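Next up, input.csv (CSV, C-alpha atoms and all ligand atoms):
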```
chain,number,residue,atom,x,y,z
A,1,CYS,CA,-51.7,-57.6,30.7
A,2,PHE,CA,-52.8,-54.8,28.4
A,3,LEU,CA,-51.2,-51.4,27.8
A,4,VAL,CA,-52.4,-48.5,25.7
A,5,CYS,CA,-49.6,-46.0,25.1
A,6,SER,CA,-49.8,-42.7,23.4
A,7,CYS,CA,-47.4,-39.8,22.9
A,8,PRO,CA,-47.9,-36.5,21.1
A,9,VAL,CA,-45.9,-37.5,18.0
A,10,SER,CA,-47.1,-41.1,17.3
A,11,ALA,CA,-50.4,-42.9,17.1
A,12,PRO,CA,-51.6,-44.9,20.1
A,13,VAL,CA,-50.2,-48.5,20.4
A,14,LEU,CA,-52.2,-51.2,21.9
A,15,SER,CA,-50.0,-53.9,23.3
A,16,PHE,CA,-50.4,-57.0,25.5
A,17,HIS,CA,-48.2,-59.8,26.8
A,18,VAL,CA,-49.8,-63.2,27.5
A,19,GLY,CA,-46.9,-64.1,29.8
A,20,SER,CA,-43.7,-66.0,29.0
A,21,GLY,CA,-44.0,-69.7,28.7
A,22,CYS,CA,-47.6,-69.5,27.6
A,23,ARG,CA,-49.0,-72.9,26.9
A,24,ASP,CA,-52.5,-72.0,25.8
A,25,PRO,CA,-52.9,-70.5,22.3
A,26,HIS,CA,-56.4,-69.5,23.4
A,27,SER,CA,-54.7,-66.8,25.6
A,28,PHE,CA,-53.7,-65.0,22.3
A,29,THR,CA,-57.1,-65.6,20.7
A,30,GLN,CA,-58.8,-64.0,23.7
A,31,ALA,CA,-56.4,-61.1,24.0
A,32,ILE,CA,-56.7,-60.3,20.3
A,33,ALA,CA,-60.5,-60.3,20.6
A,34,ASP,CA,-60.3,-58.0,23.6
A,35,CYS,CA,-58.0,-55.7,21.6
A,36,ARG,CA,-60.5,-55.4,18.9
A,37,ARG,CA,-63.0,-54.0,21.5
A,38,VAL,CA,-60.3,-51.6,22.8
A,39,PHE,CA,-59.6,-50.5,19.2
A,40,GLU,CA,-63.3,-49.8,18.7
A,41,MET,CA,-63.4,-47.9,22.0
A,42,GLY,CA,-60.3,-45.9,21.0
A,43,ARG,CA,-61.6,-45.1,17.6
A,44,GLY,CA,-64.9,-44.2,19.1
A,45,VAL,CA,-63.3,-41.4,21.1
A,46,GLY,CA,-61.3,-40.1,18.2
A,47,HIS,CA,-57.9,-41.9,18.5
A,48,ASP,CA,-56.0,-43.0,15.3
A,49,MET,CA,-55.7,-46.7,16.4
A,50,SER,CA,-53.4,-48.4,13.9
A,51,LEU,CA,-50.7,-50.4,15.7
A,52,LEU,CA,-51.3,-53.7,17.6
A,53,ASP,CA,-48.4,-55.3,19.5
A,54,ILE,CA,-49.1,-58.9,20.5
A,55,GLY,CA,-46.0,-59.1,22.8
A,56,GLY,CA,-44.1,-62.3,23.6
A,57,GLY,CA,-44.9,-65.7,25.1
A,58,PHE,CA,-43.9,-67.8,22.1
A,59,PRO,CA,-42.0,-71.0,22.8
A,60,GLY,CA,-38.2,-71.0,22.1
A,61,VAL,CA,-37.3,-74.5,23.1
A,62,GLU,CA,-37.6,-77.3,20.6
A,63,GLY,CA,-40.3,-79.8,21.4
A,64,SER,CA,-42.3,-77.3,23.5
A,65,GLU,CA,-46.0,-78.0,23.7
A,66,PRO,CA,-47.9,-76.4,22.1
A,67,GLU,CA,-45.3,-75.8,19.4
A,68,PHE,CA,-44.7,-72.4,17.8
A,69,GLU,CA,-46.7,-73.4,14.6
A,70,GLU,CA,-49.8,-74.2,16.6
A,71,MET,CA,-49.6,-70.8,18.3
A,72,ALA,CA,-49.0,-69.1,15.0
A,73,ARG,CA,-52.1,-70.8,13.5
A,74,ALA,CA,-54.3,-69.7,16.4
A,75,ILE,CA,-52.9,-66.1,16.2
A,76,ASN,CA,-53.3,-65.9,12.4
A,77,ALA,CA,-56.9,-67.1,12.6
A,78,ALA,CA,-57.7,-64.6,15.4
A,79,LEU,CA,-56.1,-61.7,13.5
A,80,ALA,CA,-57.9,-62.7,10.3
A,81,GLN,CA,-61.2,-62.5,12.2
A,82,ASP,CA,-60.6,-59.4,14.4
A,83,PHE,CA,-58.0,-57.4,12.4
A,84,PRO,CA,-58.4,-58.5,8.8
A,85,GLU,CA,-55.8,-57.5,6.2
A,86,GLY,CA,-56.8,-54.3,4.5
A,87,ALA,CA,-58.1,-52.8,7.8
A,88,GLY,CA,-55.1,-50.6,8.0
A,89,ILE,CA,-53.7,-52.2,11.2
A,90,GLU,CA,-50.0,-52.9,11.6
A,91,VAL,CA,-49.3,-55.9,13.8
A,92,ILE,CA,-46.0,-56.4,15.6
A,93,ALA,CA,-44.7,-59.0,18.2
A,94,GLU,CA,-41.9,-59.0,20.8
A,95,PRO,CA,-40.7,-62.6,20.6
A,96,GLY,CA,-37.9,-62.7,23.2
A,97,CYS,CA,-37.6,-66.3,24.2
A,98,PHE,CA,-38.4,-67.5,20.7
A,99,TYR,CA,-35.2,-65.9,19.4
A,100,ALA,CA,-33.0,-66.1,22.5
A,101,ALA,CA,-33.5,-69.6,23.9
A,102,SER,CA,-31.8,-71.6,21.2
A,103,VAL,CA,-28.6,-69.6,20.9
A,104,CYS,CA,-27.1,-70.7,24.3
A,105,VAL,CA,-26.3,-74.0,25.9
A,106,ALA,CA,-25.6,-74.4,29.6
A,107,ALA,CA,-22.6,-76.6,30.4
A,108,VAL,CA,-22.4,-77.8,34.0
A,109,ASN,CA,-20.2,-80.3,35.7
A,110,ILE,CA,-20.8,-82.7,38.6
A,111,ILE,CA,-19.1,-81.4,41.7
A,112,ALA,CA,-20.4,-84.1,44.1
A,113,LYS,CA,-22.4,-87.4,43.9
A,114,LYS,CA,-24.3,-89.6,46.3
A,115,ALA,CA,-25.9,-93.0,45.7
A,116,VAL,CA,-29.0,-93.9,47.7
A,117,LEU,CA,-30.4,-97.4,48.0
A,118,GLN,CA,-34.2,-97.5,47.5
A,119,PRO,CA,-36.6,-100.2,48.5
A,120,GLY,CA,-36.1,-103.2,46.4
A,121,GLY,CA,-32.3,-102.5,46.2
A,122,HIS,CA,-32.6,-100.0,43.3
A,123,ARG,CA,-30.1,-97.2,43.2
A,124,LYS,CA,-31.0,-93.6,43.0
A,125,LEU,CA,-28.2,-91.1,42.2
A,126,LEU,CA,-28.0,-87.6,43.5
A,127,TYR,CA,-25.8,-85.4,41.4
A,128,TYR,CA,-24.7,-82.0,42.7
A,129,LEU,CA,-23.9,-79.6,39.9
A,130,SER,CA,-21.7,-76.5,39.5
A,131,ASP,CA,-24.8,-74.4,38.7
A,132,GLY,CA,-28.4,-74.7,39.8
A,133,HIS,CA,-31.7,-73.1,40.7
A,134,HIS,CA,-30.2,-69.9,42.1
A,135,GLY,CA,-28.0,-69.5,39.0
A,136,THR,CA,-28.8,-70.4,35.4
A,137,PHE,CA,-31.7,-72.8,36.0
A,138,ARG,CA,-34.2,-70.8,37.9
A,139,ASP,CA,-36.7,-70.8,35.2
A,140,LEU,CA,-36.7,-74.6,34.6
A,141,LEU,CA,-39.0,-75.3,37.5
A,142,ARG,CA,-41.7,-73.5,35.6
A,143,GLU,CA,-41.5,-76.1,32.8
A,144,PRO,CA,-44.0,-79.0,32.8
A,145,TYR,CA,-41.4,-81.7,32.4
A,146,PRO,CA,-37.7,-82.0,33.4
A,147,ARG,CA,-35.2,-81.5,30.6
A,148,VAL,CA,-32.9,-84.4,30.1
A,149,PRO,CA,-29.3,-83.1,29.6
A,150,THR,CA,-26.8,-84.5,27.1
A,151,VAL,CA,-24.0,-86.4,28.8
A,152,VAL,CA,-20.5,-85.4,27.6
A,153,LYS,CA,-18.7,-88.8,28.2
A,154,GLU,CA,-17.8,-91.8,26.2
A,155,LEU,CA,-20.1,-94.5,27.4
A,156,CYS,CA,-21.1,-98.0,26.1
A,157,SER,CA,-23.9,-97.9,23.5
A,158,LYS,CA,-26.7,-98.6,26.0
A,159,PRO,CA,-25.6,-97.7,29.5
A,160,PRO,CA,-28.0,-98.6,32.3
A,161,LEU,CA,-30.0,-95.6,33.4
A,162,PHE,CA,-30.8,-94.6,37.0
A,163,PRO,CA,-33.3,-92.2,38.5
A,164,CYS,CA,-31.3,-89.1,39.3
A,165,ILE,CA,-32.0,-85.9,41.2
A,166,LEU,CA,-30.0,-82.9,40.0
A,167,TYR,CA,-29.1,-80.4,42.7
A,168,GLY,CA,-27.3,-77.1,42.4
A,169,PRO,CA,-24.2,-76.2,44.5
A,170,THR,CA,-25.7,-74.0,47.2
A,171,CYS,CA,-26.6,-76.6,49.8
A,172,THR,CA,-30.2,-75.5,50.2
A,173,ALA,CA,-33.2,-77.9,49.8
A,174,PHE,CA,-34.7,-75.7,47.1
A,175,ASP,CA,-31.6,-75.8,44.9
A,176,LYS,CA,-32.9,-78.5,42.6
A,177,LEU,CA,-33.0,-78.2,38.8
A,178,PHE,CA,-36.3,-80.1,38.7
A,179,ASN,CA,-38.6,-81.6,41.3
A,180,GLU,CA,-38.8,-84.8,39.3
A,181,GLU,CA,-36.1,-87.4,38.7
A,182,VAL,CA,-34.4,-87.7,35.3
A,183,GLN,CA,-33.0,-90.9,33.9
A,184,LEU,CA,-29.2,-90.7,33.5
A,185,PRO,CA,-26.3,-93.1,33.4
A,186,GLU,CA,-23.9,-93.5,36.3
A,187,LEU,CA,-21.5,-90.5,36.1
A,188,ASP,CA,-18.5,-89.2,38.1
A,189,VAL,CA,-17.4,-86.0,39.7
A,190,GLY,CA,-16.0,-83.8,36.9
A,191,ASP,CA,-18.2,-85.1,34.1
A,192,TRP,CA,-20.1,-82.5,32.1
A,193,LEU,CA,-23.8,-82.2,31.3
A,194,ILE,CA,-25.1,-80.0,28.5
A,195,PHE,CA,-28.6,-78.4,28.6
A,196,PRO,CA,-29.5,-77.0,25.1
A,197,SER,CA,-31.8,-74.0,24.6
A,198,MET,CA,-30.8,-72.1,27.7
A,199,GLY,CA,-30.6,-68.6,26.2
A,200,ALA,CA,-33.7,-67.2,27.8
A,201,TYR,CA,-34.4,-66.4,31.4
A,202,SER,CA,-31.2,-68.0,32.5
A,203,ALA,CA,-28.3,-65.5,33.0
A,204,ALA,CA,-30.9,-62.8,33.3
A,205,LEU,CA,-32.4,-64.4,36.4
A,206,SER,CA,-29.3,-65.8,38.1
A,207,SER,CA,-28.2,-64.6,41.5
A,208,THR,CA,-25.1,-64.8,43.7
A,209,PHE,CA,-27.0,-66.6,46.4
A,210,ASN,CA,-24.7,-68.2,49.0
A,211,GLY,CA,-21.7,-66.6,47.3
A,212,PHE,CA,-21.8,-68.5,44.1
A,213,LEU,CA,-20.9,-66.3,41.1
A,214,PRO,CA,-23.1,-66.4,38.0
A,215,ALA,CA,-22.0,-68.7,35.2
A,216,SER,CA,-19.3,-67.3,32.9
A,217,ILE,CA,-20.3,-66.8,29.3
A,218,CYS,CA,-18.1,-68.2,26.5
A,219,TYR,CA,-18.7,-67.7,22.8
A,220,ILE,CA,-18.0,-70.9,20.8
A,221,VAL,CA,-18.8,-72.5,17.4
A,222,GLY,CA,-19.7,-76.2,16.9
A,223,PRO,CA,-17.1,-78.7,18.0
A,224,GLU,CA,-15.1,-76.1,19.9
A,225,LEU,CA,-17.4,-76.9,22.9
A,226,ARG,CA,-15.8,-80.3,23.5
A,227,ASN,CA,-12.3,-78.7,23.6
A,228,LEU,CA,-13.5,-76.0,25.9
A,229,LEU,CA,-14.9,-78.6,28.3
A,230,GLU,CA,-11.8,-80.7,28.2
A,231,THR,CA,-9.6,-77.7,29.2
A,232,ALA,CA,-12.1,-76.6,31.9
A,233,SER,CA,-12.3,-79.9,33.8
Y,301,LIG,C1,-43.7,-56.7,27.4
Y,301,LIG,C2,-43.0,-57.9,27.1
Y,301,LIG,N1,-42.8,-58.2,25.8
Y,301,LIG,C3,-42.1,-59.3,25.4
Y,301,LIG,C4,-41.5,-60.1,26.4
Y,301,LIG,C5,-40.7,-61.3,26.0
Y,301,LIG,O1,-41.5,-62.5,26.2
Y,301,LIG,P1,-41.0,-63.9,25.8
Y,301,LIG,O2,-39.6,-64.1,26.4
Y,301,LIG,O3,-42.0,-64.8,26.4
Y,301,LIG,O4,-40.9,-63.9,24.3
Y,301,LIG,C6,-41.6,-59.8,27.8
Y,301,LIG,C7,-41.0,-60.6,28.8
Y,301,LIG,O5,-41.3,-60.5,30.0
Y,301,LIG,C8,-42.4,-58.6,28.1
Y,301,LIG,O6,-42.6,-58.3,29.4
```

For the structure just supplied, provide its representation as C-alpha cells.
Amino acid sequence: CFLVCSCPVSAPVLSFHVGSGCRDPHSFTQAIADCRRVFEMGRGVGHDMSLLDIGGGFPGVEGSEPEFEEMARAINAALAQDFPEGAGIEVIAEPGCFYAASVCVAAVNIIAKKAVLQPGGHRKLLYYLSDGHHGTFRDLLREPYPRVPTVVKELCSKPPLFPCILYGPTCTAFDKLFNEEVQLPELDVGDWLIFPSMGAYSAALSSTFNGFLPASICYIVGPELRNLLETAS
C-alpha cells in the first residue's frame, strides 16, 4: 500500500508498507522502484519530494526466513539503485515488529490434557492452555511453521517426545495455536510453557472471546521469570 501525504508546512512524504510478516525481500525492491517513479511524477508537477518512508514488515523473531540481514541487503541495493546517496532524499522506516517482538515472552500453563491413541499404538497429546488463538496467539497461525515452546520443568536429559496439539482455553475448534503438531515431552496440568518473541501482534490483537480476559502483563528481569511462574502455579 502506498501513501503520499502533504501538508502546507512540510514537504510531501512518500510512504509504503509491504505488510507485516513479509517474507519476500523483492516486495521492498519492487516498492522502492515504484516509489522512484512516483518521486519523478511528483517532482514533474512541482512538489519538493525529499522524504521516503519504507514502512515496516521486517522480521522480529530470531530464526525468521528470510532473516533481517537478507532483507536489509535487498533494500540497500534497491535504494542504491533508485535513491542513491547524494540525491538529497531522506529515507526512514517504521520497524514495529523488529523492535517489539523480542522484548516479551508469553508464559502459558496447561489447564487440561488428553492422550489419544493413534494407529500403531502411538500416543498423541492434546494440551489445553491458559491462553490461545483468541488471546495472545492470534498472529501465530500466519507463521509458516509452528513455534516450539520452552518447557519449564525439570525433565530427564532426553525425554521422549510426542506429537502434540496445543489448544487454547475457549472450547472452540478454531482455538489452536498452530494447525500442525509440535513435538513435546509428556507434561502435566499446571506445567508452564514459554514462547519467546511474543511482543508484536499479541496483546494488541487479543480479545475477550468466550469471557476469557486478555493475558496479564508482568515486567520482569532474567531469572525472576522462574520465581514468578512458581508463585503463579
Ligand atoms: C503504516 C505501518 N507502518 C509500520 C507498521 C509496523 O509493521 P511491522 O510490525 O511489520 O514492523 C505497520 C503495521 O501494520 C503499519 O501499518

Considering all atoms listed in the file, tabulate each residue of chain A that lies at most 9 Å from ligand LIG 301 (chain Y) along with its nearest interatomic pair and the corresponding distance in Å to one decimal; arrange the rows by chain and ascending residue number and present them as JSON lines.
```
{"residue": "A:Cys1", "atom": "CA", "partner": "Y:LIG301", "partner_atom": "C1", "distance": 8.7}
{"residue": "A:Ser15", "atom": "CA", "partner": "Y:LIG301", "partner_atom": "C1", "distance": 8.0}
{"residue": "A:Phe16", "atom": "CA", "partner": "Y:LIG301", "partner_atom": "C1", "distance": 7.0}
{"residue": "A:His17", "atom": "CA", "partner": "Y:LIG301", "partner_atom": "C1", "distance": 5.5}
{"residue": "A:Val18", "atom": "CA", "partner": "Y:LIG301", "partner_atom": "O3", "distance": 8.0}
{"residue": "A:Gly19", "atom": "CA", "partner": "Y:LIG301", "partner_atom": "O3", "distance": 6.0}
{"residue": "A:Ser20", "atom": "CA", "partner": "Y:LIG301", "partner_atom": "O3", "distance": 3.3}
{"residue": "A:Gly21", "atom": "CA", "partner": "Y:LIG301", "partner_atom": "O3", "distance": 5.8}
{"residue": "A:Cys22", "atom": "CA", "partner": "Y:LIG301", "partner_atom": "O3", "distance": 7.4}
{"residue": "A:Asp53", "atom": "CA", "partner": "Y:LIG301", "partner_atom": "N1", "distance": 8.9}
{"residue": "A:Ile54", "atom": "CA", "partner": "Y:LIG301", "partner_atom": "N1", "distance": 8.3}
{"residue": "A:Gly55", "atom": "CA", "partner": "Y:LIG301", "partner_atom": "N1", "distance": 4.5}
{"residue": "A:Gly56", "atom": "CA", "partner": "Y:LIG301", "partner_atom": "O4", "distance": 3.6}
{"residue": "A:Gly57", "atom": "CA", "partner": "Y:LIG301", "partner_atom": "O3", "distance": 3.3}
{"residue": "A:Phe58", "atom": "CA", "partner": "Y:LIG301", "partner_atom": "O4", "distance": 5.4}
{"residue": "A:Pro59", "atom": "CA", "partner": "Y:LIG301", "partner_atom": "O3", "distance": 7.2}
{"residue": "A:Gly60", "atom": "CA", "partner": "Y:LIG301", "partner_atom": "O4", "distance": 7.9}
{"residue": "A:Ala93", "atom": "CA", "partner": "Y:LIG301", "partner_atom": "C3", "distance": 7.7}
{"residue": "A:Glu94", "atom": "CA", "partner": "Y:LIG301", "partner_atom": "C3", "distance": 4.6}
{"residue": "A:Pro95", "atom": "CA", "partner": "Y:LIG301", "partner_atom": "O4", "distance": 3.9}
{"residue": "A:Gly96", "atom": "CA", "partner": "Y:LIG301", "partner_atom": "O4", "distance": 3.4}
{"residue": "A:Cys97", "atom": "CA", "partner": "Y:LIG301", "partner_atom": "O2", "distance": 3.7}
{"residue": "A:Phe98", "atom": "CA", "partner": "Y:LIG301", "partner_atom": "O4", "distance": 5.7}
{"residue": "A:Tyr99", "atom": "CA", "partner": "Y:LIG301", "partner_atom": "O4", "distance": 7.8}
{"residue": "A:Ala100", "atom": "CA", "partner": "Y:LIG301", "partner_atom": "O2", "distance": 7.9}
{"residue": "A:Ala101", "atom": "CA", "partner": "Y:LIG301", "partner_atom": "O2", "distance": 8.6}
{"residue": "A:Ala200", "atom": "CA", "partner": "Y:LIG301", "partner_atom": "O2", "distance": 6.8}
{"residue": "A:Tyr201", "atom": "CA", "partner": "Y:LIG301", "partner_atom": "O2", "distance": 7.6}
```

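Take CA of Gly211 in chain A and CA of Ala173 in chain A: the distance between them is 16.3 Å.
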
I'd like the interatomic distance between CA of Ala11 in chain A and CA of Val45 in chain A, to a tenth of an Å.
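Taking CA of Ala11 in chain A as the start and CA of Val45 in chain A as the end point, the length is 13.6 Å.
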
Selection near range 139-148 of chain A, 7 Å with all atoms listed in the file, sequence-local residues under 2 positions removed, as a count of residues only
8

Determine, counting all atoms listed in the file, which protein, DNA and RNA residues have an atom within 7 Å of an atom of Ile110 in chain A; residues of the same chain fewer than 3 positions away are not included. Present the result as number ranges by chain.
A: 127-130, 188-192

Quick check, in Å to one decimal: how far apart do CA of Ser206 in chain A and CA of Ser64 in chain A lie?
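Distance between the two atoms: 22.7 Å.
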
Pick from A:Asp131, A:Glu181, A:Glu186, A:Glu154, whichever lies nearest to Phe212 in chain A using only C-alpha atoms:
A:Asp131

Please identify all polymer residues within 7 Å of Asp175 in chain A, counting all atoms listed in the file, omitting same-chain residues fewer than 2 positions from it, and present them as a compact mmCIF listing (two decimals) with C-alpha atoms, in the frame of the given file.
```txt
# COMPACT_ATOMS: atom_id res chain seq x y z
CA GLY A 132 -28.40 -74.70 39.80
CA HIS A 133 -31.70 -73.10 40.70
CA HIS A 134 -30.20 -69.90 42.10
CA TYR A 167 -29.10 -80.40 42.70
CA GLY A 168 -27.30 -77.10 42.40
CA THR A 170 -25.70 -74.00 47.20
CA THR A 172 -30.20 -75.50 50.20
CA ALA A 173 -33.20 -77.90 49.80
CA LEU A 177 -33.00 -78.20 38.80
```

What lies within 12 Å of Pro185 in chain A using only C-alpha atoms, ignoring chain neighbours under 5 positions off, as a ChimeraX atom specification?
/A:123-127,148-164,191,193

Taking only C-alpha atoms into account, which of A:Ala215, A:Ala33, A:Ser50, A:Leu187 comes nearest Lys113 in chain A?
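Checking each candidate against Lys113 in chain A, we get A:Leu187 as the closest.
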